[in-house]
file start15.csv (CSV, C-alpha atoms)
chain,number,residue,atom,x,y,z
A,1,MET,CA,0.0,0.0,0.0
A,2,LEU,CA,3.0,2.3,0.6
A,3,ARG,CA,6.0,2.0,-1.7
A,4,TYR,CA,8.7,4.1,-3.3
A,5,LEU,CA,11.5,4.1,-5.9
A,6,THR,CA,14.6,6.2,-6.1
A,7,ALA,CA,16.6,7.0,-9.2
A,8,GLY,CA,19.7,8.9,-10.0
A,9,GLU,CA,23.5,8.8,-9.6
A,10,SER,CA,25.9,10.6,-7.2
A,11,HIS,CA,27.2,13.0,-9.8
A,12,GLY,CA,24.2,12.9,-12.2
A,13,PRO,CA,21.9,15.9,-12.7
A,14,MET,CA,19.4,15.0,-10.0
A,15,LEU,CA,18.0,12.4,-7.6
A,16,THR,CA,14.4,11.4,-8.1
A,17,THR,CA,11.9,9.6,-5.9
A,18,ILE,CA,8.3,8.6,-6.4
A,19,LEU,CA,6.3,7.7,-3.3
A,20,GLU,CA,2.9,6.0,-3.7
A,21,GLY,CA,0.2,5.3,-1.1
A,22,ILE,CA,0.1,8.5,0.9
A,23,PRO,CA,-3.6,9.4,1.5
A,24,ALA,CA,-5.2,12.5,0.1
A,25,ASN,CA,-5.5,15.7,2.2
A,26,LEU,CA,-2.2,15.4,4.1
A,27,PRO,CA,-0.7,18.9,4.6
A,28,LEU,CA,2.8,18.8,3.0
A,29,ALA,CA,5.3,21.5,2.1
A,30,ALA,CA,8.6,21.2,0.2
A,31,GLU,CA,10.2,23.2,3.0
A,32,GLU,CA,9.5,20.4,5.5
A,33,ILE,CA,11.3,17.9,3.2
A,34,THR,CA,14.2,20.3,2.6
A,35,ARG,CA,14.7,20.7,6.4
A,36,GLU,CA,15.3,17.0,6.7
A,37,LEU,CA,17.7,17.0,3.8
A,38,VAL,CA,19.7,19.8,5.5
A,39,ARG,CA,19.9,17.7,8.7
A,40,ARG,CA,21.3,14.8,6.7
A,41,GLN,CA,24.2,17.0,5.4
A,42,GLN,CA,25.3,18.1,8.8
A,43,GLY,CA,27.5,16.5,11.4
A,44,TYR,CA,31.2,16.8,12.5
A,45,GLY,CA,33.4,14.8,10.2
A,46,ARG,CA,31.5,15.2,7.0
A,47,GLY,CA,33.5,15.7,3.7
A,48,GLY,CA,33.8,18.3,1.0
A,49,ARG,CA,30.7,17.2,-0.9
A,50,MET,CA,28.5,18.6,1.9
A,51,ARG,CA,30.0,22.1,1.2
A,52,ILE,CA,29.1,21.8,-2.5
A,53,GLU,CA,25.5,20.5,-2.3
A,54,LYS,CA,22.7,22.5,-0.8
A,55,ASP,CA,19.9,20.0,-1.1
A,56,GLU,CA,16.5,21.3,-1.7
A,57,ALA,CA,13.3,19.3,-2.4
A,58,ASN,CA,11.2,20.1,-5.4
A,59,ILE,CA,7.8,18.5,-5.4
A,60,VAL,CA,6.7,18.0,-9.0
A,61,GLY,CA,3.7,15.7,-8.6
A,62,GLY,CA,1.1,14.6,-6.1
A,63,VAL,CA,0.6,17.8,-4.1
A,64,ARG,CA,-1.7,20.7,-4.9
A,65,HIS,CA,-2.2,23.9,-2.8
A,66,GLY,CA,-0.2,22.3,0.1
A,67,LEU,CA,-2.2,19.1,0.3
A,68,THR,CA,-1.5,15.6,-1.1
A,69,MET,CA,-4.0,14.5,-3.7
A,70,GLY,CA,-3.9,10.7,-3.2
A,71,GLY,CA,-1.7,10.0,-6.2
A,72,PRO,CA,2.0,9.3,-6.3
A,73,ILE,CA,4.2,12.0,-4.9
A,74,ALA,CA,7.2,12.9,-7.1
A,75,ILE,CA,10.2,14.7,-5.6
A,76,LEU,CA,13.4,16.0,-7.4
A,77,ILE,CA,16.6,17.0,-5.7
A,78,ALA,CA,19.2,18.6,-7.9
A,79,ASN,CA,22.9,17.8,-7.7
A,80,ARG,CA,24.7,21.1,-7.9
A,81,ASP,CA,28.0,19.3,-8.6
A,82,TRP,CA,26.5,18.1,-11.9
A,83,GLU,CA,28.0,21.1,-13.6
A,84,ASN,CA,31.5,19.7,-13.0
A,85,TRP,CA,30.5,16.2,-14.1
A,86,LYS,CA,28.5,16.8,-17.3
A,87,LEU,CA,31.0,15.2,-19.6
A,88,THR,CA,31.8,12.3,-17.3
A,89,MET,CA,28.2,11.5,-16.6
A,90,ASP,CA,26.9,12.3,-20.1
A,91,PRO,CA,24.1,9.8,-20.9
A,92,THR,CA,24.6,10.0,-24.7
A,93,PRO,CA,26.9,7.5,-26.5
A,94,THR,CA,29.3,10.2,-27.4
A,95,GLY,CA,30.1,10.8,-23.7
A,96,ARG,CA,32.6,8.0,-23.6
A,97,GLU,CA,34.9,9.8,-26.0
A,98,THR,CA,34.6,13.1,-24.3
A,99,ASP,CA,35.0,11.9,-20.7
A,100,PRO,CA,38.0,13.8,-19.3
A,101,LYS,CA,38.3,11.6,-16.2
A,102,GLY,CA,38.6,8.2,-18.0
A,103,PRO,CA,37.5,4.9,-16.6
A,104,VAL,CA,37.9,3.9,-12.9
A,105,THR,CA,39.6,0.5,-12.8
A,106,ARG,CA,40.9,0.3,-9.2
A,107,PRO,CA,38.3,-1.1,-6.8
A,108,ARG,CA,38.3,0.3,-3.3
A,109,PRO,CA,38.2,-2.2,-0.4
A,110,GLY,CA,34.9,-2.1,1.5
A,111,HIS,CA,32.9,-0.7,-1.3
A,112,ALA,CA,30.5,-2.2,-3.9
A,113,ASP,CA,33.2,-1.6,-6.6
A,114,LEU,CA,34.6,-5.0,-7.3
A,115,ALA,CA,31.6,-7.2,-6.6
A,116,GLY,CA,29.4,-4.8,-8.6
A,117,ALA,CA,31.7,-4.6,-11.5
A,118,LEU,CA,31.9,-8.4,-11.7
A,119,LYS,CA,28.1,-8.8,-11.2
A,120,TYR,CA,27.1,-6.3,-13.9
A,121,GLY,CA,29.9,-6.9,-16.3
A,122,GLN,CA,31.3,-3.4,-16.0
A,123,HIS,CA,34.8,-2.4,-17.1
A,124,ASP,CA,34.4,1.1,-15.6
A,125,ILE,CA,33.8,1.0,-11.9
A,126,ARG,CA,32.2,4.4,-12.0
A,127,ASN,CA,29.1,2.7,-13.3
A,128,VAL,CA,28.9,0.9,-9.9
A,129,LEU,CA,30.0,3.6,-7.5
A,130,GLU,CA,27.8,6.3,-8.8
A,131,ARG,CA,24.6,4.4,-7.8
A,132,ALA,CA,26.1,2.5,-4.8
A,133,SER,CA,27.1,5.9,-3.3
A,134,ALA,CA,25.4,7.0,-0.1
A,135,ARG,CA,24.3,10.1,-2.0
A,136,GLU,CA,21.3,7.9,-2.9
A,137,THR,CA,20.1,8.2,0.7
A,138,THR,CA,19.2,11.9,0.0
A,139,ALA,CA,16.1,10.6,-1.9
A,140,ARG,CA,15.3,8.2,1.0
A,141,VAL,CA,15.4,11.0,3.5
A,142,ALA,CA,12.9,12.9,1.3
A,143,VAL,CA,10.6,9.9,1.4
A,144,GLY,CA,11.1,9.7,5.1
A,145,ALA,CA,10.1,13.3,5.6
A,146,VAL,CA,6.8,12.7,3.9
A,147,CYS,CA,6.2,9.6,6.0
A,148,ARG,CA,7.1,11.5,9.2
A,149,ARG,CA,4.5,14.1,8.3
A,150,LEU,CA,1.9,11.4,8.1
A,151,LEU,CA,2.9,9.8,11.4
A,152,ARG,CA,2.9,13.1,13.1
A,153,GLN,CA,-0.8,13.5,12.3
A,154,PHE,CA,-1.4,10.6,14.6
A,155,GLY,CA,1.0,11.7,17.4
A,156,ILE,CA,3.9,9.4,16.4
A,157,GLU,CA,7.3,11.1,16.5
A,158,VAL,CA,10.6,9.7,15.2
A,159,PHE,CA,14.1,11.0,16.1
A,160,SER,CA,17.6,9.7,16.5
A,161,HIS,CA,20.8,10.3,18.5
A,162,VAL,CA,24.4,9.0,18.3
A,163,VAL,CA,25.3,6.6,21.1
A,164,GLU,CA,28.8,5.6,20.0
A,165,ILE,CA,31.6,6.9,17.7
A,166,GLY,CA,34.8,4.9,17.7
A,167,SER,CA,35.6,3.9,21.2
A,168,VAL,CA,33.5,6.6,22.9
A,169,GLY,CA,30.1,5.8,24.2
A,170,ALA,CA,27.4,8.2,25.4
A,171,LYS,CA,25.7,8.0,28.7
A,172,THR,CA,22.0,9.0,28.6
A,173,ASP,CA,20.6,7.3,31.7
A,174,GLY,CA,18.2,9.5,33.6
A,175,LEU,CA,17.4,11.7,30.5
A,176,SER,CA,13.9,11.8,29.1
A,177,PHE,CA,13.4,11.2,25.4
A,178,SER,CA,12.6,14.9,25.0
A,179,GLU,CA,15.9,15.8,26.6
A,180,ILE,CA,17.8,13.3,24.5
A,181,ARG,CA,16.2,14.7,21.3
A,182,GLU,CA,16.8,18.3,22.2
A,183,ARG,CA,20.5,17.8,23.2
A,184,ALA,CA,21.3,15.7,20.2
A,185,GLU,CA,20.0,18.3,17.8
A,186,LEU,CA,22.3,20.9,19.4
A,187,SER,CA,25.4,18.6,19.2
A,188,PRO,CA,27.8,18.7,16.2
A,189,VAL,CA,27.9,14.8,16.4
A,190,ARG,CA,24.2,14.5,17.4
A,191,CYS,CA,25.1,13.1,20.8
A,192,ALA,CA,23.0,13.9,23.9
A,193,ASP,CA,26.0,13.5,26.2
A,194,GLN,CA,28.0,16.7,25.8
A,195,GLN,CA,31.2,15.2,27.4
A,196,ALA,CA,31.0,12.1,25.2
A,197,GLY,CA,30.3,14.3,22.1
A,198,GLU,CA,33.5,16.3,22.7
A,199,ALA,CA,35.5,13.1,23.0
A,200,MET,CA,33.9,11.8,19.8
A,201,MET,CA,35.0,14.9,18.0
A,202,ARG,CA,38.6,14.5,19.2
A,203,GLN,CA,38.6,10.9,17.9
A,204,ILE,CA,37.3,12.2,14.5
A,205,ASP,CA,40.2,14.7,14.4
A,206,GLU,CA,42.6,11.9,15.2
A,207,ALA,CA,41.2,9.7,12.5
A,208,LYS,CA,41.5,12.6,10.0
A,209,SER,CA,45.1,13.2,10.9
A,210,ARG,CA,45.9,9.5,10.3
A,211,GLY,CA,44.1,9.5,6.9
A,212,THR,CA,41.4,7.1,8.1
A,213,SER,CA,37.8,7.0,9.2
A,214,LEU,CA,35.5,6.2,12.1
A,215,GLY,CA,32.3,4.4,12.5
A,216,GLY,CA,29.8,4.2,15.4
A,217,VAL,CA,26.2,3.5,16.5
A,218,PHE,CA,23.1,5.5,16.3
A,219,GLU,CA,19.7,4.9,17.9
A,220,VAL,CA,16.3,5.7,16.3
A,221,VAL,CA,13.4,6.2,18.6
A,222,ALA,CA,9.7,6.2,17.6
A,223,LEU,CA,7.4,7.6,20.3
A,224,ASN,CA,3.7,6.9,20.8
A,225,PRO,CA,3.2,4.0,18.3
A,226,PRO,CA,-0.1,2.2,18.7
A,227,VAL,CA,-0.3,-1.4,19.7
A,228,GLY,CA,-0.4,-3.9,16.8
A,229,LEU,CA,1.6,-2.5,13.9
A,230,GLY,CA,3.1,-5.4,12.0
A,231,SER,CA,2.0,-9.0,12.5
A,232,TYR,CA,3.0,-12.4,13.9
A,233,VAL,CA,1.1,-14.2,11.1
A,234,HIS,CA,3.8,-14.3,8.4
A,235,TRP,CA,7.6,-13.8,8.6
A,236,ASP,CA,7.6,-11.0,6.1
A,237,ARG,CA,5.0,-9.0,7.9
A,238,LYS,CA,6.9,-8.9,11.2
A,239,LEU,CA,7.7,-5.3,12.0
A,240,ASP,CA,11.0,-6.0,13.7
A,241,GLY,CA,12.2,-7.9,10.7
A,242,ARG,CA,11.1,-5.0,8.4
A,243,LEU,CA,12.8,-2.4,10.5
A,244,ALA,CA,16.0,-4.5,10.7
A,245,GLN,CA,16.1,-4.8,6.9
A,246,ALA,CA,15.5,-1.1,6.5
A,247,ILE,CA,18.3,-0.1,8.7
A,248,MET,CA,20.7,-2.7,7.1
A,249,SER,CA,19.8,-1.3,3.7
A,250,ILE,CA,21.6,2.0,4.6
A,251,GLN,CA,25.1,2.1,3.1
A,252,ALA,CA,27.9,1.0,5.6
A,253,ILE,CA,25.5,-0.4,8.2
A,254,LYS,CA,26.8,-3.8,9.5
A,255,GLY,CA,24.6,-4.5,12.5
A,256,VAL,CA,21.1,-3.8,13.9
A,257,GLU,CA,19.8,-4.1,17.4
A,258,ILE,CA,16.2,-3.7,18.8
A,259,GLY,CA,15.7,-3.0,22.4
A,260,LEU,CA,18.4,-4.8,24.5
A,261,GLY,CA,19.7,-6.4,21.3
A,262,PHE,CA,22.9,-8.4,21.8
A,263,GLU,CA,23.0,-7.4,25.5
A,264,GLY,CA,19.8,-9.4,26.0
A,265,ALA,CA,21.5,-12.5,24.9
A,266,ARG,CA,24.0,-12.2,27.8
A,267,ARG,CA,21.3,-12.0,30.5
A,268,PHE,CA,19.0,-14.4,32.3
A,269,GLY,CA,15.5,-14.6,31.0
A,270,PHE,CA,14.0,-12.7,33.9
A,271,GLU,CA,16.4,-9.9,33.2
A,272,ALA,CA,15.6,-9.7,29.5
A,273,HIS,CA,11.8,-9.4,29.3
A,274,ASP,CA,9.3,-6.8,30.3
A,275,GLU,CA,6.7,-7.6,32.9
A,276,ILE,CA,3.1,-6.6,32.2
A,277,PHE,CA,0.9,-4.5,34.5
A,278,TYR,CA,-2.5,-2.9,34.4
A,279,GLU,CA,-2.6,0.7,35.6
A,280,ASP,CA,-4.7,3.7,34.8
A,281,SER,CA,-7.2,1.6,32.7
A,282,ARG,CA,-4.4,0.3,30.4
A,283,PHE,CA,-1.9,-2.5,30.0
A,284,MET,CA,1.6,-1.2,30.5
A,285,ARG,CA,5.3,-2.1,31.1
A,286,ARG,CA,7.7,-0.5,33.5
A,287,THR,CA,10.7,-1.5,31.4
A,288,ASN,CA,11.3,-1.5,27.6
A,289,ARG,CA,13.9,-4.2,27.1
A,290,ALA,CA,12.0,-5.4,24.0
A,291,GLY,CA,12.4,-2.1,22.3
A,292,GLY,CA,8.7,-1.7,21.8
A,293,LEU,CA,8.4,-4.8,19.6
A,294,GLU,CA,7.1,-8.3,20.6
A,295,GLY,CA,6.1,-11.1,18.3
A,296,GLY,CA,6.7,-9.0,15.2
A,297,MET,CA,4.3,-6.3,16.4
A,298,SER,CA,4.5,-2.9,18.2
A,299,ASN,CA,3.4,-3.3,21.8
A,300,GLY,CA,2.7,0.4,22.5
A,301,GLU,CA,6.0,1.2,24.1
A,302,PRO,CA,8.6,3.4,22.3
A,303,ILE,CA,10.3,1.6,19.5
A,304,LEU,CA,14.1,1.5,19.8
A,305,VAL,CA,16.3,0.5,16.9
A,306,ARG,CA,20.1,0.9,16.7
A,307,GLY,CA,22.3,0.7,13.7
A,308,ALA,CA,26.1,0.0,13.7
A,309,MET,CA,28.0,1.8,11.0
A,310,LYS,CA,31.4,0.6,9.9
A,311,PRO,CA,34.1,3.2,9.3
A,312,ILE,CA,33.7,4.8,5.8
A,313,ALA,CA,35.5,2.5,3.4
A,314,THR,CA,37.4,5.2,1.5
A,315,GLN,CA,40.7,6.0,3.2
A,316,TYR,CA,42.9,9.0,2.5
A,317,ALA,CA,45.7,6.7,3.4
A,318,PRO,CA,44.6,4.3,0.7
A,319,MET,CA,44.5,0.5,1.1
A,320,ALA,CA,46.0,-2.1,-1.3
A,321,SER,CA,43.9,-3.3,-4.2
A,322,VAL,CA,44.3,-4.8,-7.7
A,323,ASP,CA,43.6,-3.0,-11.0
A,324,LEU,CA,40.5,-4.5,-12.6
A,325,ARG,CA,42.0,-4.3,-16.1
A,326,THR,CA,45.7,-5.1,-15.7
A,327,LYS,CA,45.5,-7.2,-12.5
A,328,GLU,CA,48.5,-5.3,-11.2
A,329,PRO,CA,48.6,-4.2,-7.5
A,330,PHE,CA,47.8,-0.6,-6.8
A,331,GLN,CA,46.8,1.7,-4.0
A,332,ALA,CA,43.0,2.0,-4.2
A,333,SER,CA,41.6,5.1,-5.8
A,334,ILE,CA,40.1,7.8,-3.7
A,335,GLU,CA,36.7,9.4,-4.2
A,336,ARG,CA,35.8,12.5,-2.1
A,337,SER,CA,34.6,11.1,1.3
A,338,ASP,CA,33.8,11.7,4.9
A,339,ILE,CA,35.9,11.0,8.0
A,340,CYS,CA,32.8,10.1,10.0
A,341,ALA,CA,29.1,10.0,8.8
A,342,VAL,CA,27.5,8.4,11.8
A,343,PRO,CA,25.5,11.6,12.7
A,344,ALA,CA,24.1,11.7,9.2
A,345,ALA,CA,23.4,8.0,9.2
A,346,GLY,CA,21.1,8.6,12.2
A,347,VAL,CA,19.0,11.0,10.1
A,348,ILE,CA,18.8,8.4,7.3
A,349,GLY,CA,17.9,5.9,10.0
A,350,GLU,CA,15.0,8.1,11.0
A,351,ALA,CA,13.8,8.2,7.4
A,352,VAL,CA,13.8,4.5,6.8
A,353,VAL,CA,12.2,3.7,10.1
A,354,ALA,CA,9.5,6.4,9.4
A,355,PHE,CA,8.8,4.7,6.1
A,356,GLU,CA,8.4,1.3,7.6
A,357,LEU,CA,6.1,2.6,10.4
A,358,ALA,CA,4.1,4.6,7.9
A,359,GLN,CA,3.8,1.5,5.7
A,360,ALA,CA,2.6,-0.7,8.6
A,361,PHE,CA,0.2,2.1,9.7
A,362,THR,CA,-1.4,2.4,6.2
A,363,GLU,CA,-1.7,-1.4,6.1
A,364,LYS,CA,-3.5,-1.4,9.4
A,365,PHE,CA,-5.7,1.6,9.1
A,366,GLY,CA,-6.0,2.1,5.3
A,367,GLY,CA,-8.0,5.0,3.9
A,368,ASP,CA,-7.8,6.9,0.6
A,369,SER,CA,-8.0,10.2,2.5
A,370,LEU,CA,-6.5,11.4,5.8
A,371,GLU,CA,-10.0,11.8,7.2
A,372,GLU,CA,-10.9,8.1,6.5
A,373,MET,CA,-7.6,6.9,8.0
A,374,ALA,CA,-8.2,9.0,11.1
A,375,ARG,CA,-11.7,7.5,11.5
A,376,ASN,CA,-10.3,4.0,11.2
A,377,TYR,CA,-7.5,4.8,13.7
A,378,GLN,CA,-9.9,6.3,16.2
A,379,GLY,CA,-12.2,3.3,15.9
A,380,TYR,CA,-9.3,1.0,16.6
A,381,LEU,CA,-8.2,3.0,19.7
A,382,THR,CA,-11.8,2.9,21.0
A,383,SER,CA,-12.0,-0.8,20.6
A,384,ILE,CA,-8.7,-1.3,22.6
A,385,HIS,CA,-9.9,1.1,25.3
A,386,GLU,CA,-13.1,-0.9,25.6
A,387,ARG,CA,-11.0,-4.1,26.2

call {"tool": "encode", "arguments": {"input": "start15.csv", "output": "structure tokens"}}
result
Amino acid sequence: MLRYLTAGESHGPMLTTILEGIPANLPLAAEEITRELVRRQQGYGRGGRMRIEKDEANIVGGVRHGLTMGGPIAILIANRDWENWKLTMDPTPTGRETDPKGPVTRPRPGHADLAGALKYGQHDIRNVLERASARETTARVAVGAVCRRLLRQFGIEVFSHVVEIGSVGAKTDGLSFSEIRERAELSPVRCADQQAGEAMMRQIDEAKSRGTSLGGVFEVVALNPPVGLGSYVHWDRKLDGRLAQAIMSIQAIKGVEIGLGFEGARRFGFEAHDEIFYEDSRFMRRTNRAGGLEGGMSNGEPILVRGAMKPIATQYAPMASVDLRTKEPFQASIERSDICAVPAAGVIGEAVVAFELAQAFTEKFGGDSLEEMARNYQGYLTSIHER
């Protein structure tokens, strides 16, 4: 019921996305989407590309007079750097002869370069790296911004914060979700622990001086989800599985945790689960070790999902590789890159989580218009309250 496609290359003229399934009459402005695109570009440790691109969303279909119309929503995001890449990325057959940069034949360790070139029969690795680039996530953040707008209509808020960079971990015990969110948005590394954030920046500086990169862990939080998003009936409808796949689909993500995650595997059973109580005319839990998900469904508690990002694969002190054409050893080629992109990855994580939640929400409550969806949602809440 809710789906999207993205198209475009890192140095092509633009990124395009089409999102289908958003109900009619949802208030939506391009400025809201652009605001999320700007957040994705920020963060201590980002590379030179972020100083070139000033991402701006251009809605070209599906919205009229500030309201969605019920049809597919089309969004364009121009690549400003396209001006410097017109010959290299020329889609016409003559472009090959006029390309001033020449083919890329030296695959970079940790990237899609070698596997992609072999899989698709490419002799120029640029045909792989242009689409495999994390620049593609710009379009996904645009999709996520629309989905966040839908979720917000029903009181569901999604945010993220960085909990680790390198060897530095944040301490947020005792902070409310609102405090974590507020502090993270003021931090250059999107960390709610100021002391840890400063230590993270020092490690990023050290990595830069050594010509290398740093990874880390971000957490995405969804507040006020209703009980019952997702399903236990089939494996591919389980919301935790869908969220895990969404986070893992982000470039450079190598691990996902929900709730206690791997820590839960180290505990006894009575330390790993959330007891159920009935207070104030509702079922509730005093802990949230499950991360808001049980049996493939939301249980009404905040949803907590973490993504572990490996260090960016491009190294300014390049690693050894082998030329695709000559088979001779070389130092891997360098494309412009970040030292640390974990703060940005958290924003992308918000987007993909928002999409999965919005998808599960539309599956559960349907509706061709926002008003119809709201009636269905309210009827469901009433039925639960009567239980």

call {"tool": "residues_around", "arguments": {"input": "start15.csv", "residues": "region 56-68 of chain A", "least_positions_apart": "4", "cutoff": "9 Å", "atoms": "all atoms listed in the file", "output": "PDB file with C-alpha atoms, in the frame of the given file"}}
result
ATOM      1  CA  ILE A  18       8.300   8.600  -6.400  1.00  0.00           C
ATOM      2  CA  ILE A  22       0.100   8.500   0.900  1.00  0.00           C
ATOM      3  CA  PRO A  23      -3.600   9.400   1.500  1.00  0.00           C
ATOM      4  CA  ALA A  24      -5.200  12.500   0.100  1.00  0.00           C
ATOM      5  CA  ASN A  25      -5.500  15.700   2.200  1.00  0.00           C
ATOM      6  CA  LEU A  26      -2.200  15.400   4.100  1.00  0.00           C
ATOM      7  CA  PRO A  27      -0.700  18.900   4.600  1.00  0.00           C
ATOM      8  CA  LEU A  28       2.800  18.800   3.000  1.00  0.00           C
ATOM      9  CA  ALA A  29       5.300  21.500   2.100  1.00  0.00           C
ATOM     10  CA  ALA A  30       8.600  21.200   0.200  1.00  0.00           C
ATOM     11  CA  GLU A  31      10.200  23.200   3.000  1.00  0.00           C
ATOM     12  CA  GLU A  32       9.500  20.400   5.500  1.00  0.00           C
ATOM     13  CA  ILE A  33      11.300  17.900   3.200  1.00  0.00           C
ATOM     14  CA  THR A  34      14.200  20.300   2.600  1.00  0.00           C
ATOM     15  CA  ARG A  35      14.700  20.700   6.400  1.00  0.00           C
ATOM     16  CA  LEU A  37      17.700  17.000   3.800  1.00  0.00           C
ATOM     17  CA  VAL A  38      19.700  19.800   5.500  1.00  0.00           C
ATOM     18  CA  PRO A  72       2.000   9.300  -6.300  1.00  0.00           C
ATOM     19  CA  ILE A  73       4.200  12.000  -4.900  1.00  0.00           C
ATOM     20  CA  ALA A  74       7.200  12.900  -7.100  1.00  0.00           C
ATOM     21  CA  ILE A  75      10.200  14.700  -5.600  1.00  0.00           C
ATOM     22  CA  LEU A  76      13.400  16.000  -7.400  1.00  0.00           C
ATOM     23  CA  ILE A  77      16.600  17.000  -5.700  1.00  0.00           C
ATOM     24  CA  ALA A  78      19.200  18.600  -7.900  1.00  0.00           C
ATOM     25  CA  ALA A 142      12.900  12.900   1.300  1.00  0.00           C
TER      26      ALA A 142
END

call {"tool": "closest_residue", "arguments": {"input": "start15.csv", "among": "A:Gly45, A:Gly71, A:Pro103, A:Gly21", "to": "Cys147 (chain A)", "atoms": "all atoms listed in the file"}}
result
A:Gly21

call {"tool": "residues_around", "arguments": {"input": "start15.csv", "residues": "Cys340 (chain A)", "least_positions_apart": "3", "cutoff": "9 Å", "atoms": "all atoms listed in the file", "output": "compact mmCIF listing (two decimals) with C-alpha atoms, in the frame of the given file"}}
result
# COMPACT_ATOMS: atom_id res chain seq x y z
CA GLY A 43 27.50 16.50 11.40
CA TYR A 44 31.20 16.80 12.50
CA GLY A 45 33.40 14.80 10.20
CA ARG A 46 31.50 15.20 7.00
CA GLY A 47 33.50 15.70 3.70
CA ILE A 165 31.60 6.90 17.70
CA ILE A 204 37.30 12.20 14.50
CA ALA A 207 41.20 9.70 12.50
CA SER A 213 37.80 7.00 9.20
CA LEU A 214 35.50 6.20 12.10
CA GLY A 215 32.30 4.40 12.50
CA GLY A 216 29.80 4.20 15.40
CA PRO A 311 34.10 3.20 9.30
CA ILE A 312 33.70 4.80 5.80
CA SER A 337 34.60 11.10 1.30
CA PRO A 343 25.50 11.60 12.70
CA ALA A 344 24.10 11.70 9.20

call {"tool": "atom_distance", "arguments": {"input": "start15.csv", "atom1": "CA of Ile253 (chain A)", "atom2": "CA of Ile180 (chain A)"}}
result
22.6 Å

call {"tool": "residues_around", "arguments": {"input": "start15.csv", "residues": "region 373-382 of chain A", "least_positions_apart": "3", "cutoff": "10 Å", "atoms": "only C-alpha atoms", "output": "list in words"}}
result
Pro23, Ala24, Gln153, Phe154, Pro226, Val227, Phe361, Thr362, Lys364, Phe365, Gly366, Gly367, Asp368, Ser369, Leu370, His385, Glu386 and Arg387 of chain A

call {"tool": "closest_residue", "arguments": {"input": "start15.csv", "among": "A:Ala196, A:Phe159, A:Lys101, A:Gly259", "to": "Glu182 (chain A)", "atoms": "all atoms listed in the file"}}
result
A:Phe159

call {"tool": "closest_residue", "arguments": {"input": "start15.csv", "among": "A:Gln194, A:Gln122, A:Ser160, A:Ser249", "to": "Arg306 (chain A)", "atoms": "only C-alpha atoms"}}
result
A:Ser160

call {"tool": "closest_residue", "arguments": {"input": "start15.csv", "among": "A:Gly346, A:Pro329, A:Pro225, A:Glu263", "to": "Leu293 (chain A)", "atoms": "all atoms listed in the file"}}
result
A:Pro225

call {"tool": "closest_residue", "arguments": {"input": "start15.csv", "among": "A:Pro13, A:Gly255, A:Gly174, A:Gly264", "to": "Leu87 (chain A)", "atoms": "all atoms listed in the file"}}
result
A:Pro13

call {"tool": "residues_around", "arguments": {"input": "start15.csv", "residues": "Asp240 (chain A)", "least_positions_apart": "3", "cutoff": "7 Å", "atoms": "only C-alpha atoms", "output": "PDB file with C-alpha atoms, keeping the file's coordinate frame"}}
result
ATOM      1  CA  LEU A 243      12.800  -2.400  10.500  1.00  0.00           C
ATOM      2  CA  ALA A 244      16.000  -4.500  10.700  1.00  0.00           C
ATOM      3  CA  LEU A 293       8.400  -4.800  19.600  1.00  0.00           C
ATOM      4  CA  GLY A 296       6.700  -9.000  15.200  1.00  0.00           C
TER       5      GLY A 296
END

call {"tool": "atom_distance", "arguments": {"input": "start15.csv", "atom1": "CA of Ile384 (chain A)", "atom2": "CA of Gly155 (chain A)"}}
result
17.0 Å

call {"tool": "closest_residue", "arguments": {"input": "start15.csv", "among": "A:Leu260, A:Val217, A:Ile303, A:Ala345", "to": "Arg40 (chain A)", "atoms": "all atoms listed in the file"}}
result
A:Ala345

call {"tool": "residues_around", "arguments": {"input": "start15.csv", "residues": "Val143 (chain A)", "least_positions_apart": "6", "cutoff": "9 Å", "atoms": "all atoms listed in the file", "output": "PyMOL selection string"}}
result
chain A and resi 4+17-19+33+75+351-352+354-355

call {"tool": "atom_distance", "arguments": {"input": "start15.csv", "atom1": "CA of Ser231 (chain A)", "atom2": "CA of Ala246 (chain A)"}}
result
16.8 Å
